[in-house]
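Novice: I'd like to ask some things about the structure below.
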Amino acid sequence: MEEEKKIKRPRGVARLIVGKCIACGARCEASCNKDAIEMNAKGEPVINTAKCIGCRKCVKVCPAEAIEMYFTPEEQKILAEIAAREKKAGVKEVSTEEAATLAEIKEYKGVWVFVEHNEGVPAVVSWELLGAGAELTKKLGVELCSVVIGDKVENLCQESIACGASKVYVIDSPVFHYYRTEAYYKAICYLVDKYKPEIMLIGATGLGRDLAGAVATKLSTGLTADCTGLAIDDKGFLLQTRPAFGGNIMATILTERTRPQMATVRPHVMPMPTYDKSRKGEIIREAVPIKEEEIAAKVLEVVEDAKSGAECVDLEGAEVIVSGGRGMKAKENFALLQQLADELGGVVGCSRAVVEAKWMPVDRQVGQTGKTVRPKIYIACGISGAIQHLVGMQSSDVIIAINQDKQAPIFEVATYGIVGDVFQVVPALIKGIKESRGKT
Ligand SMILES: Cc1cc2nc3c(=O)[nH]c(=O)nc-3n(C[C@H](O)[C@H](O)[C@H](O)COP(=O)(O)OP(=O)(O)OC[C@H]3O[C@@H](n4cnc5c(N)ncnc54)[C@H](O)[C@@H]3O)c2cc1C
């Protein structure tokens, strides 16, 4: 039997329903990526149908349902034909609106990772996300791509490929030398509109959080911040898992009806991919028409973080962390943990209870409202293992827990558990390490 010719579903164009606009403040104009809407003196939209691509963003944001999609009589005939075919094929009947949304979603393909950097120096989280993205693409059977935006950033394209990207979209121009929200979100929205990725991953750093929020808002799509797990379900949706309700439960969130599905992930949550310099990939160079004079924010001076001195501890980058909780009883007892950390070439971290007691500064806090760490060894001393602490350290390679309460939840994630008093166990560990090195 001859196969039926595939018909392209018409998208229509947006049209104002006269008399319904409430002049809400130009939400429709702000939602339009194609500059197809301008407001008139009465605060009502004037839609340029030549520019409209039928994306329906304005229809969705209008609080007064004052914008509808218009289809020409020919387009209506095609829609009727598609509906008849689908009915014959037993496809569940859906509204024109729903069908258009589903058709639009299907146009989006591929997993994208935004490569964060500071004047060309990459943020490690970007490579971790390429590792996580590779797992997602395997399940979806699509391409893994990276997005590099900056000034003289060719090295980052090559590194992206070495970390697993098969395609790199690069925008290289002096206007992107420093990160500025406006320039970067516009550049990403330009690429998304043109190439339509189904998933976009960004590091949950200060920069990433700022950028992801701006992009998701402009694209009117869903964004799950601070994910600790990513997976693909049977229908191909991105399962975005993150702590919710103060960290008491883990919530899995889906972006069902909009694209791309956006998620931010904290550094050190995902493992690094294998780095292979021999990998080959395609580099697609794009130019975005953004001029310096159009960007409101100017970078006058870059001031180094005052804390980046000798006393600054890189908890997130440490390979060994000796962390103390309320069980350490007092501020001065952290000297004992420092001794153990020194023996192991590590640093000292802590729980929030310790920060609240003012025994340690907040930059040493591990957990949901502190740092997320992934050291080779994490030694938890007198820490109960509340979920808010666990989400910040449970991906560590080896977890050693010392607690006098054998029921403490920390033992559920521990590789090795020592039930005992920290004030006996830790000195014994220090002594044992010294002896094994012949130091005594
Ligand atoms: C929204 C929100 C965000 C939060 N964010 C974080 C976060 O980022 N990081 C974080 O850590 N917490 C966070 N918390 C707090 C968290 O819920 C816990 O209260 C906190 O982690 C408990 O710290 P702890 O384990 O040191 O203290 P406790 O829960 O009091 O545990 C002390 C442990 O020490 C053991 N112990 C006592 N004496 C000894 C001894 N001599 N030898 C051995 N063991 C001993 C006890 O058996 C006990 O298990 C957050 C809470 C909320 C609501």
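We label chains A, B, ... in the order they appear in the structure tokens, count residues from 1 in each chain, and number ligands from 1 in the order shown.
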Pick out the residues no farther than 7 Å from ligand 1, counting only C-alpha atoms and all ligand atoms, and list them as a ChimeraX atom specification.
Specialist: /A:246-247,324-329,350-354,365-370,381-389,392,402-405,408,420-423
Novice: Could you take the residues named above and write them with N, CA and C atoms, as a tab-separated table (two decimals), in the first residue's frame?
Specialist:
```
chain	number	residue	atom	x	y	z
A	246	GLY	N	12.36	22.41	51.81
A	246	GLY	CA	13.43	22.53	52.79
A	246	GLY	C	14.33	21.33	52.81
A	247	GLY	N	14.32	20.57	51.72
A	247	GLY	CA	15.23	19.42	51.62
A	247	GLY	C	14.66	18.17	52.25
A	324	GLY	N	33.11	18.38	60.41
A	324	GLY	CA	32.62	18.23	61.79
A	324	GLY	C	31.20	18.71	61.95
A	325	GLY	N	30.49	18.06	62.88
A	325	GLY	CA	29.11	18.46	63.18
A	325	GLY	C	28.98	18.89	64.62
A	326	ARG	N	27.73	18.98	65.05
A	326	ARG	CA	27.44	19.42	66.43
A	326	ARG	C	28.11	18.50	67.46
A	327	GLY	N	28.36	17.26	67.03
A	327	GLY	CA	29.00	16.28	67.92
A	327	GLY	C	30.42	16.67	68.30
A	328	MET	N	30.98	17.71	67.64
A	328	MET	CA	32.34	18.17	68.01
A	328	MET	C	32.30	19.03	69.28
A	329	LYS	N	31.12	19.38	69.70
A	329	LYS	CA	30.85	20.03	71.00
A	329	LYS	C	31.32	21.48	71.17
A	350	CYS	N	32.14	21.50	57.50
A	350	CYS	CA	31.26	21.36	58.67
A	350	CYS	C	29.78	21.32	58.25
A	351	SER	N	28.93	21.04	59.24
A	351	SER	CA	27.48	21.04	59.01
A	351	SER	C	26.95	22.45	59.32
A	352	ARG	N	25.69	22.64	59.00
A	352	ARG	CA	25.10	23.96	59.26
A	352	ARG	C	24.95	24.24	60.76
A	353	ALA	N	24.72	23.17	61.53
A	353	ALA	CA	24.59	23.36	62.98
A	353	ALA	C	25.85	24.03	63.53
A	354	VAL	N	26.98	23.67	62.96
A	354	VAL	CA	28.27	24.21	63.41
A	354	VAL	C	28.39	25.70	63.03
A	365	GLN	N	30.60	25.43	55.17
A	365	GLN	CA	29.38	24.59	55.31
A	365	GLN	C	29.13	23.73	54.08
A	366	VAL	N	28.87	22.47	54.33
A	366	VAL	CA	28.55	21.52	53.27
A	366	VAL	C	27.04	21.25	53.32
A	367	GLY	N	26.40	21.21	52.18
A	367	GLY	CA	24.98	20.85	52.17
A	367	GLY	C	24.16	21.71	51.25
A	368	GLN	N	22.88	21.54	51.42
A	368	GLN	CA	21.92	22.20	50.52
A	368	GLN	C	22.08	23.71	50.48
A	369	THR	N	22.29	24.32	51.65
A	369	THR	CA	22.48	25.77	51.66
A	369	THR	C	23.95	26.13	51.81
A	370	GLY	N	24.80	25.14	51.68
A	370	GLY	CA	26.24	25.35	51.71
A	370	GLY	C	26.85	24.88	50.40
A	381	CYS	N	32.46	13.69	61.02
A	381	CYS	CA	32.71	13.47	62.44
A	381	CYS	C	31.61	14.13	63.28
A	382	GLY	N	30.82	13.34	63.95
A	382	GLY	CA	29.75	13.89	64.79
A	382	GLY	C	28.72	14.64	63.98
A	383	ILE	N	28.41	14.10	62.79
A	383	ILE	CA	27.36	14.68	61.92
A	383	ILE	C	26.25	13.64	61.80
A	384	SER	N	25.01	14.06	62.06
A	384	SER	CA	23.92	13.07	62.09
A	384	SER	C	23.57	12.54	60.69
A	385	GLY	N	23.66	13.42	59.67
A	385	GLY	CA	23.32	12.98	58.31
A	385	GLY	C	21.92	13.40	57.90
A	386	ALA	N	21.54	14.64	58.27
A	386	ALA	CA	20.25	15.18	57.82
A	386	ALA	C	20.28	15.28	56.29
A	387	ILE	N	19.11	15.14	55.65
A	387	ILE	CA	19.05	15.15	54.18
A	387	ILE	C	19.70	16.40	53.60
A	388	GLN	N	19.55	17.54	54.30
A	388	GLN	CA	20.13	18.78	53.77
A	388	GLN	C	21.67	18.73	53.78
A	389	HIS	N	22.23	17.94	54.66
A	389	HIS	CA	23.69	17.76	54.64
A	389	HIS	C	24.07	16.74	53.56
A	392	GLY	N	24.68	17.54	49.89
A	392	GLY	CA	25.91	18.26	49.56
A	392	GLY	C	27.15	17.39	49.52
A	402	ILE	N	31.85	8.86	61.46
A	402	ILE	CA	32.16	8.55	62.87
A	402	ILE	C	31.04	9.16	63.70
A	403	ASN	N	30.30	8.30	64.39
A	403	ASN	CA	29.17	8.80	65.17
A	403	ASN	C	28.91	7.81	66.30
A	404	GLN	N	28.57	8.34	67.46
A	404	GLN	CA	28.35	7.41	68.58
A	404	GLN	C	26.95	6.78	68.54
A	405	ASP	N	26.09	7.33	67.70
A	405	ASP	CA	24.73	6.76	67.58
A	405	ASP	C	24.68	5.84	66.35
A	408	ALA	N	22.34	6.68	63.46
A	408	ALA	CA	22.46	7.98	62.75
A	408	ALA	C	22.35	7.77	61.23
A	420	GLY	N	31.37	5.25	67.45
A	420	GLY	CA	32.25	5.56	68.58
A	420	GLY	C	32.32	7.05	68.83
A	421	ASP	N	33.10	7.39	69.84
A	421	ASP	CA	33.25	8.78	70.26
A	421	ASP	C	34.34	9.46	69.41
A	422	VAL	N	33.98	10.57	68.76
A	422	VAL	CA	34.97	11.24	67.89
A	422	VAL	C	36.25	11.59	68.64
A	423	PHE	N	36.11	11.87	69.93
A	423	PHE	CA	37.28	12.30	70.69
A	423	PHE	C	38.23	11.13	71.02
```
Novice: So which residues of segment 93-288 of chain A fall under alpha helix (DSSP H) by DSSP, listed as a ChimeraX atom specification?
Specialist: /A:96-106,124-140,154-162,181-195,206-219
Novice: Select, from A:Val373, A:Val391, A:Ile22, A:Leu102, the residue with the minimum atom-to-atom distance to Arg242 of chain A, counting only C-alpha atoms.
Specialist: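 Of all the options, A:Val391 lies closest to Arg242 of chain A.
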Novice: Any idea what's packed within 7 Å of Cys163 of chain A, counting only C-alpha atoms, ignoring anything in its chain fewer than 3 positions away? Could you give it as a PDB file with C-alpha atoms, in the first residue's frame?
Specialist:
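The resulting part.pdb:
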```
ATOM      1  CA  TRP A 127      32.670  19.491  31.725  1.00  0.00           C
ATOM      2  CA  LEU A 130      28.936  17.236  29.346  1.00  0.00           C
ATOM      3  CA  GLU A 159      38.043  21.178  25.173  1.00  0.00           C
ATOM      4  CA  SER A 160      34.277  20.699  24.807  1.00  0.00           C
ATOM      5  CA  PRO A 273      33.742  12.660  31.726  1.00  0.00           C
ATOM      6  CA  THR A 274      36.865  11.049  30.327  1.00  0.00           C
ATOM      7  CA  TYR A 275      38.991  13.642  28.541  1.00  0.00           C
ATOM      8  CA  ASP A 276      39.999  12.492  25.065  1.00  0.00           C
TER       9      ASP A 276
END
```
Novice: Using only C-alpha atoms, which of the listed residues (A:Val303, A:Thr252, A:Cys32, A:Val269) sits closest to Gln394 of chain A?
Specialist: A:Val269
Novice: Contacts of Pro267 of chain A at 8 Å or less, counting only C-alpha atoms, minus same-chain residues fewer than 4 places along, as a list in words?
Specialist: Val124, Val125, Glu128, Gly203, Ala204, Thr205, Glu316, Thr372 and Val373 of chain A
Novice: With distances taken over only C-alpha atoms, which residue among A:Glu154, A:Ala212, A:Lys218, A:Ala183 lies nearest Arg27 of chain A?
Specialist: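 Nearest to Arg27 of chain A: A:Lys218.
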Novice: Identify which of the residues A:Val121, A:Ile290, A:Ile377, A:Ile149 lies closest to Ser396 of chain A, counting only C-alpha atoms when measuring atom-to-atom distances.
Specialist: A:Ile377
Novice: If I take atom CA of Lys6 of chain A and atom CA of Cys55 of chain A, how far is one from the other in Å, to one decimal?
Specialist: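 Atom-to-atom, atom CA of Lys6 of chain A and atom CA of Cys55 of chain A are spaced 21.1 Å apart.
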Novice: How many Å lie between atom CA of Glu65 of chain A and atom CA of Lys92 of chain A, rounded to one decimal?
Specialist: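 So the answer is 26.0 Å.
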Novice: Quote the spacing between atom CA of Ile430 of chain A and atom CA of Leu344 of chain A in Å to one decimal place.
Specialist: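 Between atom CA of Ile430 of chain A and atom CA of Leu344 of chain A the gap is 9.2 Å.
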Novice: Hey, which of A:Ile17, A:Ala100, A:Val192, A:Leu336 ends up closest to Trp112 of chain A? Count only C-alpha atoms.
Specialist: A:Val192
Novice: Any idea what's packed within 9 Å of Ala287 of chain A, counting only C-alpha atoms, ignoring anything in its chain fewer than 3 positions away? Could you give it as a VMD selection string?
Specialist: chain A and resid 170 to 173 187 290
Novice: Which residue out of A:Glu75, A:Glu68, A:Glu198, A:Glu44 has the minimum interatomic distance to Glu107 of chain A when only C-alpha atoms are used?
Specialist: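 Among the listed residues, A:Glu198 lies closest to Glu107 of chain A.
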Novice: With only C-alpha atoms as the counted atoms, please give the residues lying no more than 9 Å from Val59 of chain A, apart from itself and same-chain residues fewer than 3 positions off, as a list of chain:residue names.
Specialist: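 These residues fall inside the cut-off: A:Ala14, A:Arg15, A:Cys28, A:Cys55, A:Arg56, A:Cys62, A:Pro63, A:Glu65, A:Ala66, A:Ile67, A:Glu68, A:Met69.
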Novice: Going by DSSP on the backbone, which bits of segment 261-326 of chain A are strand (DSSP E)? Write them as a list in words, please.
Specialist: Gln261, Met262, Ala263, Thr264, Val265, Glu282, Ile283, Ile284, Arg285, Val320, Ile321, Val322, Ser323 and Gly324 of chain A
Novice: Mind dumping the selected residues with C-alpha atoms as a PDB file, in the first residue's frame?
Specialist:
```pdb
ATOM      1  CA  GLN A 261      13.785  21.642  29.175  1.00  0.00           C
ATOM      2  CA  MET A 262      16.226  23.637  31.305  1.00  0.00           C
ATOM      3  CA  ALA A 263      18.104  22.574  34.414  1.00  0.00           C
ATOM      4  CA  THR A 264      20.956  23.932  36.476  1.00  0.00           C
ATOM      5  CA  VAL A 265      23.230  21.519  38.346  1.00  0.00           C
ATOM      6  CA  GLU A 282      31.967  19.950  14.400  1.00  0.00           C
ATOM      7  CA  ILE A 283      32.300  23.638  15.285  1.00  0.00           C
ATOM      8  CA  ILE A 284      29.496  25.915  14.154  1.00  0.00           C
ATOM      9  CA  ARG A 285      30.407  29.588  14.265  1.00  0.00           C
ATOM     10  CA  VAL A 320      39.895  15.046  51.180  1.00  0.00           C
ATOM     11  CA  ILE A 321      37.417  16.736  53.518  1.00  0.00           C
ATOM     12  CA  VAL A 322      37.245  16.171  57.259  1.00  0.00           C
ATOM     13  CA  SER A 323      33.893  17.566  58.283  1.00  0.00           C
ATOM     14  CA  GLY A 324      32.623  18.233  61.786  1.00  0.00           C
TER      15      GLY A 324
END
```
Novice: Extract, using only C-alpha atoms, all DNA, RNA and protein residues at most 9 Å from Gly222 of chain A, discarding same-chain residues fewer than 5 positions from it, and format them as a list in words.
Specialist: Ala216, Thr217, Leu254, Thr255, Glu256, Arg257, Thr258, Arg259, Pro260, Gln261, Met262 and Ala263 of chain A
